[in-house]
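One file, coords.cif, carrying mmCIF, C-alpha atoms:
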```
data_work
loop_
_atom_site.label_atom_id
_atom_site.label_comp_id
_atom_site.auth_asym_id
_atom_site.auth_seq_id
_atom_site.Cartn_x
_atom_site.Cartn_y
_atom_site.Cartn_z
CA MET S 1 7.50 23.01 58.13
CA LYS S 2 8.38 20.75 55.17
CA ILE S 3 5.99 17.91 55.88
CA ALA S 4 5.90 17.22 52.12
CA THR S 5 9.59 16.28 52.21
CA LEU S 6 8.93 13.78 54.99
CA ILE S 7 6.06 12.21 53.05
CA ALA S 8 8.17 11.86 49.92
CA LEU S 9 11.10 10.26 51.78
CA VAL S 10 9.11 7.83 53.91
CA LEU S 11 6.54 6.77 51.34
CA SER S 12 8.52 6.78 48.10
CA PRO S 13 9.18 3.00 48.28
CA LEU S 14 5.39 2.48 48.14
CA ALA S 15 4.89 4.54 45.00
CA ALA S 16 5.47 1.63 42.64
CA THR S 17 3.07 -0.69 44.44
CA LEU S 18 0.05 1.49 45.19
CA PRO S 19 -2.24 1.87 42.13
CA ALA S 20 -3.92 5.19 41.32
CA GLN S 21 -6.86 4.74 38.97
CA ASN S 22 -7.84 1.25 37.88
CA PRO S 23 -10.29 -0.25 35.41
CA VAL S 24 -12.62 -2.62 37.24
CA ASP S 25 -12.42 -6.24 36.03
CA LEU S 26 -15.96 -7.59 36.39
CA ARG S 27 -14.77 -11.16 35.89
CA ASN S 28 -13.79 -11.08 39.57
CA TRP S 29 -17.34 -10.20 40.72
CA ALA S 30 -20.08 -12.56 41.94
CA ALA S 31 -23.89 -12.69 41.82
CA GLU S 32 -26.32 -13.00 44.70
CA HIS S 33 -30.12 -13.14 44.58
CA TYR S 34 -33.00 -12.41 46.94
CA ALA S 35 -34.94 -15.31 45.41
CA ALA S 36 -33.96 -18.34 43.33
CA GLY S 37 -33.40 -17.53 39.68
CA ALA S 38 -33.85 -13.78 40.18
CA GLY S 39 -30.92 -12.70 38.03
CA ASN S 40 -28.62 -13.73 35.22
CA TRP S 41 -25.42 -11.67 35.06
CA VAL S 42 -23.36 -12.22 31.89
CA VAL S 43 -19.87 -10.68 31.89
CA SER S 44 -18.16 -9.78 28.62
CA PRO S 45 -15.00 -11.79 27.77
CA ASP S 46 -12.78 -8.75 28.46
CA GLY S 47 -14.40 -8.11 31.86
CA ILE S 48 -15.35 -4.53 30.98
CA SER S 49 -19.16 -4.92 30.99
CA VAL S 50 -21.94 -7.07 32.40
CA ASN S 51 -25.54 -7.55 31.21
CA GLN S 52 -28.34 -8.61 33.57
CA SER S 53 -30.94 -10.37 31.41
CA LEU S 54 -33.77 -11.55 33.70
CA ASN S 55 -36.88 -9.76 34.97
CA GLY S 56 -37.42 -10.92 38.55
CA TRP S 57 -36.91 -10.36 42.27
CA PRO S 58 -33.97 -8.27 43.54
CA THR S 59 -30.54 -9.42 42.40
CA VAL S 60 -27.03 -8.02 42.90
CA PHE S 61 -23.64 -8.46 41.28
CA TYR S 62 -20.94 -7.48 43.79
CA GLY S 63 -17.24 -6.67 43.63
CA ASP S 64 -14.22 -8.35 45.15
CA ALA S 65 -12.98 -5.53 47.42
CA ALA S 66 -14.26 -2.91 49.87
CA VAL S 67 -14.91 0.49 48.32
CA GLN S 68 -14.87 3.07 51.12
CA ASN S 69 -12.54 6.00 50.39
CA GLN S 70 -12.92 5.25 46.70
CA ARG S 71 -14.28 7.18 43.72
CA ILE S 72 -16.03 4.76 41.37
CA GLU S 73 -17.30 5.72 37.94
CA GLY S 74 -18.92 3.96 35.00
CA THR S 75 -21.96 3.81 32.74
CA ILE S 76 -25.34 2.12 32.89
CA GLN S 77 -27.86 1.55 30.10
CA VAL S 78 -31.25 -0.18 30.00
CA THR S 79 -31.99 -1.88 26.67
CA GLY S 80 -34.73 -4.25 27.84
CA SER S 81 -38.46 -3.73 28.21
CA ASP S 82 -40.31 -2.96 31.49
CA ASP S 83 -40.09 0.16 33.67
CA ASP S 84 -38.58 -0.92 36.97
CA TYR S 85 -35.44 -0.63 39.11
CA MET S 86 -31.80 -0.49 38.15
CA GLY S 87 -29.07 0.80 40.41
CA PHE S 88 -26.27 0.09 42.85
CA ALA S 89 -25.48 -0.96 46.42
CA LEU S 90 -22.55 0.30 48.49
CA GLY S 91 -21.21 -1.35 51.63
CA PHE S 92 -22.63 -4.71 50.52
CA GLN S 93 -21.09 -7.84 52.03
CA PRO S 94 -21.23 -11.34 50.53
CA GLY S 95 -24.30 -13.06 51.95
CA ASP S 96 -26.20 -9.83 52.69
CA ALA S 97 -29.20 -10.99 50.64
CA THR S 98 -29.98 -13.40 53.50
CA ASN S 99 -28.05 -11.78 56.35
CA PRO S 100 -30.19 -10.61 59.34
CA ASN S 101 -27.40 -8.13 60.17
CA ALA S 102 -27.04 -6.67 56.67
CA ASP S 103 -26.55 -2.88 56.54
CA TYR S 104 -25.78 -1.22 53.22
CA LEU S 105 -26.78 1.74 51.04
CA LEU S 106 -29.01 1.24 48.00
CA VAL S 107 -29.09 3.72 45.12
CA ASP S 108 -31.94 2.74 42.79
CA TRP S 109 -33.80 4.37 39.91
CA LYS S 110 -37.39 3.59 38.85
CA ARG S 111 -38.77 4.49 35.43
CA ILE S 112 -42.45 4.86 36.39
CA THR S 113 -44.50 4.94 39.60
CA GLN S 114 -46.11 1.56 40.16
CA THR S 115 -48.10 -0.16 42.92
CA TYR S 116 -47.57 -3.89 43.17
CA GLY S 117 -47.67 -6.80 45.62
CA TRP S 118 -45.02 -9.51 45.31
CA GLY S 119 -46.88 -12.28 47.17
CA GLY S 120 -45.30 -15.68 47.70
CA ALA S 121 -42.54 -15.59 50.29
CA SER S 122 -43.06 -11.83 50.51
CA CYS S 123 -46.06 -11.91 52.86
CA THR S 124 -46.06 -8.14 53.34
CA PRO S 125 -48.71 -5.78 51.93
CA THR S 126 -48.66 -4.18 48.51
CA THR S 127 -46.42 -1.11 48.23
CA THR S 128 -45.82 1.68 45.72
CA ALA S 129 -42.50 2.23 43.95
CA GLN S 130 -42.03 5.91 43.16
CA ARG S 131 -40.59 7.07 39.86
CA GLY S 132 -37.13 8.57 40.15
CA LEU S 133 -33.70 8.22 41.74
CA ALA S 134 -33.25 7.68 45.50
CA VAL S 135 -30.79 6.47 48.10
CA SER S 136 -32.00 4.20 50.91
CA ARG S 137 -30.52 2.26 53.80
CA VAL S 138 -31.18 -1.49 53.70
CA GLU S 139 -31.02 -3.38 57.00
CA GLY S 140 -31.60 -7.05 57.76
CA ARG S 141 -33.66 -9.14 55.35
CA PRO S 142 -36.43 -6.93 53.96
CA THR S 143 -39.10 -8.48 51.75
CA ALA S 144 -39.54 -7.69 48.07
CA ASP S 145 -42.45 -5.41 48.98
CA GLU S 146 -40.23 -3.42 51.35
CA MET S 147 -37.51 -3.16 48.70
CA TRP S 148 -40.13 -2.13 46.14
CA GLY S 149 -41.64 0.69 48.23
CA HIS S 150 -38.59 1.70 50.33
CA VAL S 151 -40.56 1.01 53.51
CA ASN S 152 -40.54 -0.89 56.83
CA LEU S 153 -43.64 -3.09 57.15
CA ASP S 154 -42.87 -5.30 60.20
CA THR S 155 -45.20 -8.11 59.10
CA VAL S 156 -44.54 -11.33 61.01
CA PRO S 157 -43.39 -13.94 60.10
CA CYS S 158 -41.58 -12.69 56.99
CA SER S 159 -40.43 -9.23 58.17
CA GLY S 160 -39.40 -8.11 61.65
CA PRO S 161 -38.51 -4.70 63.12
CA THR S 162 -34.88 -5.00 62.02
CA ASP S 163 -35.77 -5.90 58.42
CA ARG S 164 -36.34 -2.59 56.69
CA VAL S 165 -35.60 -0.21 53.85
CA THR S 166 -35.38 3.45 54.88
CA GLU S 167 -35.36 6.02 52.11
CA LEU S 168 -32.84 8.74 52.98
CA GLN S 169 -32.96 11.15 50.05
CA ARG S 170 -34.27 11.59 46.51
CA GLY S 171 -32.29 13.00 43.62
CA THR S 172 -32.01 16.77 43.34
CA ASN S 173 -33.06 16.75 39.68
CA LEU S 174 -33.96 13.10 39.08
CA GLY S 175 -35.89 12.40 42.27
CA ALA S 176 -39.18 12.25 40.37
CA VAL S 177 -37.80 11.62 36.86
CA GLY S 178 -37.58 8.15 35.37
CA TRP S 179 -34.67 6.75 33.40
CA VAL S 180 -34.91 6.64 29.60
CA ARG S 181 -34.59 3.36 27.74
CA ASN S 182 -31.39 2.99 25.65
CA GLN S 183 -29.88 6.18 27.07
CA VAL S 184 -26.35 5.81 28.50
CA TYR S 185 -25.89 7.41 31.95
CA THR S 186 -22.56 8.01 33.66
CA PHE S 187 -22.62 7.44 37.43
CA ARG S 188 -19.92 8.55 39.87
CA PHE S 189 -19.78 7.58 43.54
CA ASP S 190 -17.59 9.22 46.20
CA PHE S 191 -17.97 6.95 49.24
CA THR S 192 -16.42 7.27 52.71
CA ALA S 193 -17.32 6.01 56.19
CA SER S 194 -19.35 9.16 56.78
CA HIS S 195 -20.38 10.51 53.37
CA LEU S 196 -21.79 9.49 49.99
CA ASP S 197 -22.02 11.72 46.92
CA VAL S 198 -23.67 10.39 43.76
CA PHE S 199 -23.25 12.19 40.44
CA VAL S 200 -25.25 11.39 37.31
CA ASP S 201 -23.75 12.76 34.09
CA ASN S 202 -21.46 15.00 36.22
CA VAL S 203 -24.39 16.51 38.17
CA LEU S 204 -24.54 15.95 41.95
CA GLU S 205 -27.88 14.21 42.59
CA LEU S 206 -27.49 12.64 46.04
CA SER S 207 -25.36 13.76 49.01
CA ILE S 208 -25.81 12.17 52.44
CA THR S 209 -23.84 11.98 55.67
CA GLY S 210 -23.97 9.36 58.41
CA THR S 211 -22.08 6.32 59.64
CA PHE S 212 -21.79 3.78 56.85
CA ARG S 213 -20.42 0.25 56.94
CA ASN S 214 -17.52 -0.58 54.67
CA GLY S 215 -18.09 -3.24 52.05
CA ARG S 216 -18.32 -3.99 48.35
CA MET S 217 -20.00 -2.17 45.51
CA ALA S 218 -22.80 -4.09 43.82
CA PHE S 219 -24.89 -3.57 40.71
CA TYR S 220 -28.60 -3.95 41.50
CA ASN S 221 -31.68 -4.87 39.46
CA PHE S 222 -35.26 -5.43 40.58
CA SER S 223 -37.88 -6.54 38.05
CA GLN S 224 -35.77 -5.16 35.23
CA SER S 225 -33.99 -7.02 32.44
CA GLY S 226 -31.57 -5.84 29.80
CA VAL S 227 -29.39 -3.63 32.03
CA ILE S 228 -25.78 -3.11 30.94
CA TYR S 229 -23.05 -1.81 33.29
CA ARG S 230 -19.88 -0.82 31.46
CA ALA S 231 -16.36 0.64 31.79
CA PHE S 232 -16.18 1.09 35.56
CA THR S 233 -13.03 2.52 37.14
CA SER S 234 -11.94 3.08 40.73
CA ASN S 235 -9.74 5.81 42.15
CA CYS S 236 -8.69 6.68 45.69
CA LEU S 237 -10.63 9.55 47.24
CA ALA S 238 -9.06 12.30 49.35
CA SER S 239 -10.72 12.70 52.76
CA TRP S 240 -10.06 13.51 56.40
CA SER S 241 -11.82 12.72 59.67
CA ASN S 242 -11.29 13.01 63.42
CA TYR S 243 -11.15 10.08 65.82
CA GLY S 244 -10.64 9.78 69.57
CA THR S 245 -12.06 12.11 72.21
CA GLY S 246 -9.16 14.37 73.22
CA HIS S 247 -8.65 15.77 76.74
CA PRO S 248 -10.12 19.13 77.87
CA GLY S 249 -8.27 22.24 78.94
CA THR S 250 -9.44 25.72 79.93
CA LEU S 251 -11.61 26.10 76.83
CA GLY S 252 -12.69 22.48 76.57
CA VAL S 253 -11.30 19.90 74.16
CA PRO S 254 -9.06 21.53 71.53
CA GLY S 255 -10.02 21.17 67.89
CA LEU S 256 -7.99 19.83 64.99
CA ALA S 257 -9.21 20.14 61.39
CA ALA S 258 -8.02 20.28 57.80
CA ALA S 259 -8.91 23.38 55.81
CA ALA S 260 -9.40 21.29 52.64
CA GLN S 261 -9.31 17.71 51.42
CA PRO S 262 -5.77 16.23 51.19
CA ILE S 263 -5.59 16.12 47.39
CA LEU S 264 -2.36 15.07 45.72
CA GLY S 265 -0.31 18.03 44.50
CA THR S 266 -1.83 20.54 46.94
CA THR S 267 -0.92 22.14 50.26
CA VAL S 268 -3.52 21.68 52.99
CA GLY S 269 -3.82 23.95 56.01
CA ILE S 270 -4.02 22.20 59.39
CA GLU S 271 -5.98 24.25 61.94
CA LEU S 272 -5.51 23.96 65.74
CA THR S 273 -8.24 25.62 67.79
CA GLY S 274 -9.44 25.78 71.39
CA VAL S 275 -6.15 26.89 72.92
CA SER S 276 -5.91 28.30 76.46
CA PRO S 277 -6.67 32.03 76.96
CA SER S 278 -2.98 32.98 76.65
CA PRO S 279 -0.38 32.00 74.05
CA ALA S 280 0.67 28.41 74.61
CA PHE S 281 3.40 26.11 73.38
CA CYS S 282 2.04 23.23 71.31
CA LEU S 283 3.34 19.90 70.08
CA LEU S 284 1.84 18.53 66.86
CA ALA S 285 2.56 14.84 66.34
CA TRP S 286 2.61 13.15 62.92
CA GLY S 287 2.66 9.45 62.13
CA TRP S 288 1.79 6.70 59.66
CA SER S 289 -0.43 4.50 61.85
CA ALA S 290 -3.16 4.94 64.45
CA ALA S 291 -2.77 3.90 68.11
CA ASP S 292 -4.47 4.31 71.48
CA LEU S 293 -1.76 4.76 74.12
CA PRO S 294 -1.75 6.42 77.57
CA SER S 295 0.28 9.64 77.55
CA GLY S 296 0.68 10.07 81.30
CA PHE S 297 -0.86 13.57 80.98
CA GLY S 298 -4.58 12.76 80.96
CA GLY S 299 -5.12 12.38 77.24
CA GLN S 300 -4.60 9.36 75.02
CA LEU S 301 -1.98 9.36 72.30
CA MET S 302 -3.88 8.25 69.20
CA LEU S 303 -1.00 7.58 66.77
CA GLN S 304 2.47 6.10 66.53
CA ILE S 305 4.71 9.20 66.43
CA SER S 306 7.18 9.60 63.59
CA LEU S 307 7.69 13.37 63.86
CA LEU S 308 6.97 16.16 66.36
CA GLU S 309 6.39 19.77 65.30
CA GLY S 310 6.60 22.52 67.95
CA MET S 311 4.96 25.94 67.71
CA VAL S 312 3.61 28.76 69.86
CA LEU S 313 -0.13 29.17 69.53
CA PRO S 314 -1.63 32.67 69.68
CA ALA S 315 -4.37 33.57 72.12
CA PRO S 316 -8.06 33.34 71.05
CA PRO S 317 -9.77 34.31 68.84
CA MET S 318 -6.69 33.47 66.78
CA PHE S 319 -5.77 29.84 66.16
CA GLY S 320 -2.65 27.97 65.22
CA THR S 321 -2.01 26.76 61.69
CA THR S 322 0.55 24.68 59.89
CA SER S 323 0.50 23.16 56.45
CA LEU S 324 0.81 19.73 54.87
CA GLY S 325 2.39 19.77 51.42
CA ILE S 326 1.37 16.70 49.44
CA PRO S 327 3.50 15.59 46.47
CA LEU S 328 1.79 15.06 43.12
CA ASP S 329 2.59 11.36 43.11
CA GLN S 330 -0.16 8.90 42.23
CA GLY S 331 1.80 6.23 44.09
CA LEU S 332 0.67 7.96 47.31
CA CYS S 333 -3.00 7.59 46.38
CA GLY S 334 -4.84 6.02 49.32
CA VAL S 335 -2.01 6.45 51.84
CA SER S 336 -3.10 7.57 55.35
CA ILE S 337 -1.34 10.17 57.52
CA TYR S 338 -2.24 10.71 61.18
CA CYS S 339 -1.77 13.75 63.43
CA GLN S 340 -2.75 15.01 66.91
CA TYR S 341 -1.74 17.98 69.01
CA ALA S 342 -1.37 18.84 72.70
CA HIS S 343 -0.63 22.19 74.32
CA PHE S 344 0.37 23.45 77.76
CA ASP S 345 -2.73 24.55 79.66
CA ALA S 346 -2.91 25.27 83.41
CA GLY S 347 -6.63 24.51 83.24
CA ALA S 348 -6.08 20.91 82.13
CA SER S 349 -6.06 18.19 84.78
CA HIS S 350 -2.41 17.28 84.12
CA GLY S 351 -1.24 20.53 82.55
CA PHE S 352 -1.84 19.46 78.94
CA ALA S 353 -4.93 19.66 76.73
CA PHE S 354 -5.17 17.10 73.90
CA SER S 355 -7.08 17.37 70.65
CA PRO S 356 -8.75 14.37 69.03
CA ALA S 357 -6.55 12.85 66.36
CA MET S 358 -7.04 13.27 62.62
CA ARG S 359 -6.63 10.81 59.76
CA LEU S 360 -5.92 12.21 56.31
CA ILE S 361 -6.29 9.88 53.34
CA LEU S 362 -4.35 11.18 50.33
CA GLY S 363 -6.19 11.03 47.04
CA ASN S 364 -7.77 12.80 44.10
#
```
In structure tokens, how does this file's structure come out?
Amino acid sequence: MKIATLIALVLSPLAATLPAQNPVDLRNWAAEHYAAGAGNWVVSPDGISVNQSLNGWPTVFYGDAAVQNQRIEGTIQVTGSDDDYMGFALGFQPGDATNPNADYLLVDWKRITQTYGWGGASCTPTTTAQRGLAVSRVEGRPTADEMWGHVNLDTVPCSGPTDRVTELQRGTNLGAVGWVRNQVYTFRFDFTASHLDVFVDNVLELSITGTFRNGRMAFYNFSQSGVIYRAFTSNCLASWSNYGTGHPGTLGVPGLAAAAQPILGTTVGIELTGVSPSPAFCLLAWGWSAADLPSGFGGQLMLQISLLEGMVLPAPPMFGTTSLGIPLDQGLCGVSIYCQYAHFDAGASHGFAFSPAMRLILGN
């Protein structure tokens, strides 16, 4: 089936308005601090770089748009003295420095291992910051000591059970290696609602899965001055995911999956599994927006239908396949396509088994 032709015809008017890869203008970003006077972020006149010049409590410099389903890349360099944290936050929302419901990912890198207590408003015990690169989940309003040691201390009155930093993973090669002063590092982030990959100098260092809140990207410093972030770009990221619950048939809820990421200029196999024990006729629906509508046959219709594709599915252990041809058109970068299938099945409550739906985000 020529799904590629349909994509080209329906989406071609968008090609001129949807950007592909963009330089990030840091003049549109804003600073936020975990204590008064913690940071001083100075953006270059052309908006290409920013220098954080103070040594103090945690401070962030966050972007002007959400970054899920984006690939973000740029460089970082420490020119100042001291041996502490530089890094990034993903899923950060304005106000999260004081938000009891904050929930974002923190990627930070420490030059040396150091035990320290921050005192003052941080009434939690002394903690140890480990040398190396790590990714943590920050929730609520953790104290400086919790940020420093990637821990949950639950010390009333300044830290409760929902104020915590949970370390999720350390770098494959840099997990116990400190950054080097004056060296320029290239970072790349591939960030979706369920996955984060972090590359340093084109080497995959961190790779985690979970459920992550959408939000901004932020540059992050803690007790480290003279940190320069430069030449960041953003690009849409190809991904796919299922949503909805489907409706069971003889073999349970049918499956729907993509054989590869929906990258521009490629053809992606779409796999339909879990059919009834005998060959069955199937309808595969395609559309440009999600929905949640009653079908009248037990399952929910999870998209607005623009096209129906019919096919006969073979009996197990075989499965049905079709393909999605994606034009090599950067104007389609970031566009979503939705699909869902249903097949005749005498074992289903209303004679039809429904798969969950699938969202494919076209990208690079």
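Residues lying within 10 Å of Arg27 of chain S, counting only C-alpha atoms and ignoring same-chain neighbours fewer than 5 positions away, are S:Val42, S:Val43, S:Ser44, S:Pro45, S:Asp46, S:Gly47, S:Ile48, S:Ser49, S:Val50, S:Gly63, S:Asp64.
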Would you write out those residues with C-alpha atoms, as a compact mmCIF listing (two decimals), in the frame of the given file?
```
# COMPACT_ATOMS: atom_id res chain seq x y z
CA VAL S 42 -23.36 -12.22 31.89
CA VAL S 43 -19.87 -10.68 31.89
CA SER S 44 -18.16 -9.78 28.62
CA PRO S 45 -15.00 -11.79 27.77
CA ASP S 46 -12.78 -8.75 28.46
CA GLY S 47 -14.40 -8.11 31.86
CA ILE S 48 -15.35 -4.53 30.98
CA SER S 49 -19.16 -4.92 30.99
CA VAL S 50 -21.94 -7.07 32.40
CA GLY S 63 -17.24 -6.67 43.63
CA ASP S 64 -14.22 -8.35 45.15
```
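Each of S:Ala259, S:Met147, S:Ala346, S:Val268 was checked against Phe281 of chain S using all atoms listed in the file; the smallest atom-to-atom distance is that of S:Ala346.
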Specify as a PyMOL selection string each residue included when the PyMOL selection byres ((chain S and resi 208) around 12) is applied to this file. chain S and resi 105+107+134-137+167-172+189-198+204-207+209-212
Save out the residues we just selected, C-alpha atoms, as a compact mmCIF listing (two decimals), in the frame of the given file.
```txt
# COMPACT_ATOMS: atom_id res chain seq x y z
CA LEU S 105 -26.78 1.74 51.04
CA VAL S 107 -29.09 3.72 45.12
CA ALA S 134 -33.25 7.68 45.50
CA VAL S 135 -30.79 6.47 48.10
CA SER S 136 -32.00 4.20 50.91
CA ARG S 137 -30.52 2.26 53.80
CA GLU S 167 -35.36 6.02 52.11
CA LEU S 168 -32.84 8.74 52.98
CA GLN S 169 -32.96 11.15 50.05
CA ARG S 170 -34.27 11.59 46.51
CA GLY S 171 -32.29 13.00 43.62
CA THR S 172 -32.01 16.77 43.34
CA PHE S 189 -19.78 7.58 43.54
CA ASP S 190 -17.59 9.22 46.20
CA PHE S 191 -17.97 6.95 49.24
CA THR S 192 -16.42 7.27 52.71
CA ALA S 193 -17.32 6.01 56.19
CA SER S 194 -19.35 9.16 56.78
CA HIS S 195 -20.38 10.51 53.37
CA LEU S 196 -21.79 9.49 49.99
CA ASP S 197 -22.02 11.72 46.92
CA VAL S 198 -23.67 10.39 43.76
CA LEU S 204 -24.54 15.95 41.95
CA GLU S 205 -27.88 14.21 42.59
CA LEU S 206 -27.49 12.64 46.04
CA SER S 207 -25.36 13.76 49.01
CA THR S 209 -23.84 11.98 55.67
CA GLY S 210 -23.97 9.36 58.41
CA THR S 211 -22.08 6.32 59.64
CA PHE S 212 -21.79 3.78 56.85
```
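The spacing separating atom CA of Leu90 of chain S from atom CA of Ile361 of chain S amounts to 19.5 Å.
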Selection under test: the PyMOL selection byres ((chain S and resi 75) around 10); residues as a PDB file with C-alpha atoms, keeping the file's coordinate frame:
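So the final result, stored in expr34.pdb, reads:
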```
ATOM      1  CA  SER S  49     -19.160  -4.920  30.990  1.00  0.00           C
ATOM      2  CA  GLU S  73     -17.300   5.720  37.940  1.00  0.00           C
ATOM      3  CA  GLY S  74     -18.920   3.960  35.000  1.00  0.00           C
ATOM      4  CA  ILE S  76     -25.340   2.120  32.890  1.00  0.00           C
ATOM      5  CA  GLN S  77     -27.860   1.550  30.100  1.00  0.00           C
ATOM      6  CA  VAL S 184     -26.350   5.810  28.500  1.00  0.00           C
ATOM      7  CA  TYR S 185     -25.890   7.410  31.950  1.00  0.00           C
ATOM      8  CA  THR S 186     -22.560   8.010  33.660  1.00  0.00           C
ATOM      9  CA  PHE S 187     -22.620   7.440  37.430  1.00  0.00           C
ATOM     10  CA  ARG S 188     -19.920   8.550  39.870  1.00  0.00           C
ATOM     11  CA  VAL S 200     -25.250  11.390  37.310  1.00  0.00           C
ATOM     12  CA  ASP S 201     -23.750  12.760  34.090  1.00  0.00           C
ATOM     13  CA  ILE S 228     -25.780  -3.110  30.940  1.00  0.00           C
ATOM     14  CA  TYR S 229     -23.050  -1.810  33.290  1.00  0.00           C
ATOM     15  CA  ARG S 230     -19.880  -0.820  31.460  1.00  0.00           C
ATOM     16  CA  ALA S 231     -16.360   0.640  31.790  1.00  0.00           C
ATOM     17  CA  PHE S 232     -16.180   1.090  35.560  1.00  0.00           C
TER      18      PHE S 232
END
```
Please evaluate the PyMOL selection byres ((chain S and resi 163) around 8) against the structure above and give the resulting residues as a VMD selection string. chain S and resid 100 138 to 143 152 154 159 to 162 164 to 165
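Using all atoms listed in the file, the nearest neighbour of Leu106 of chain S within the list S:Leu308, S:Ile72, S:Ala218, S:Ala129 is S:Ala218.
Of the residues listed (S:Gly265, S:Gly91, S:Gly149, S:Pro125), S:Gly149 shows the shortest atom-to-atom separation from Lys110 of chain S; distances use all atoms listed in the file.
Nearest to Ala144 of chain S of all the residues S:Tyr104, S:Tyr34, S:Trp179, S:Tyr243 is S:Tyr34, based on all atoms listed in the file.
With distances restricted to all atoms listed in the file, S:Asn214 is the closest residue to Ala102 of chain S from S:Val151, S:Asn214, S:Trp41, S:Ile263.
Straight-line separation from atom CA of Gly80 of chain S to atom CA of Asn182 of chain S: 8.3 Å.
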Two-atom distance - atom CA of Gly56 of chain S, atom CA of Gln183 of chain S (Å): 21.9 Å
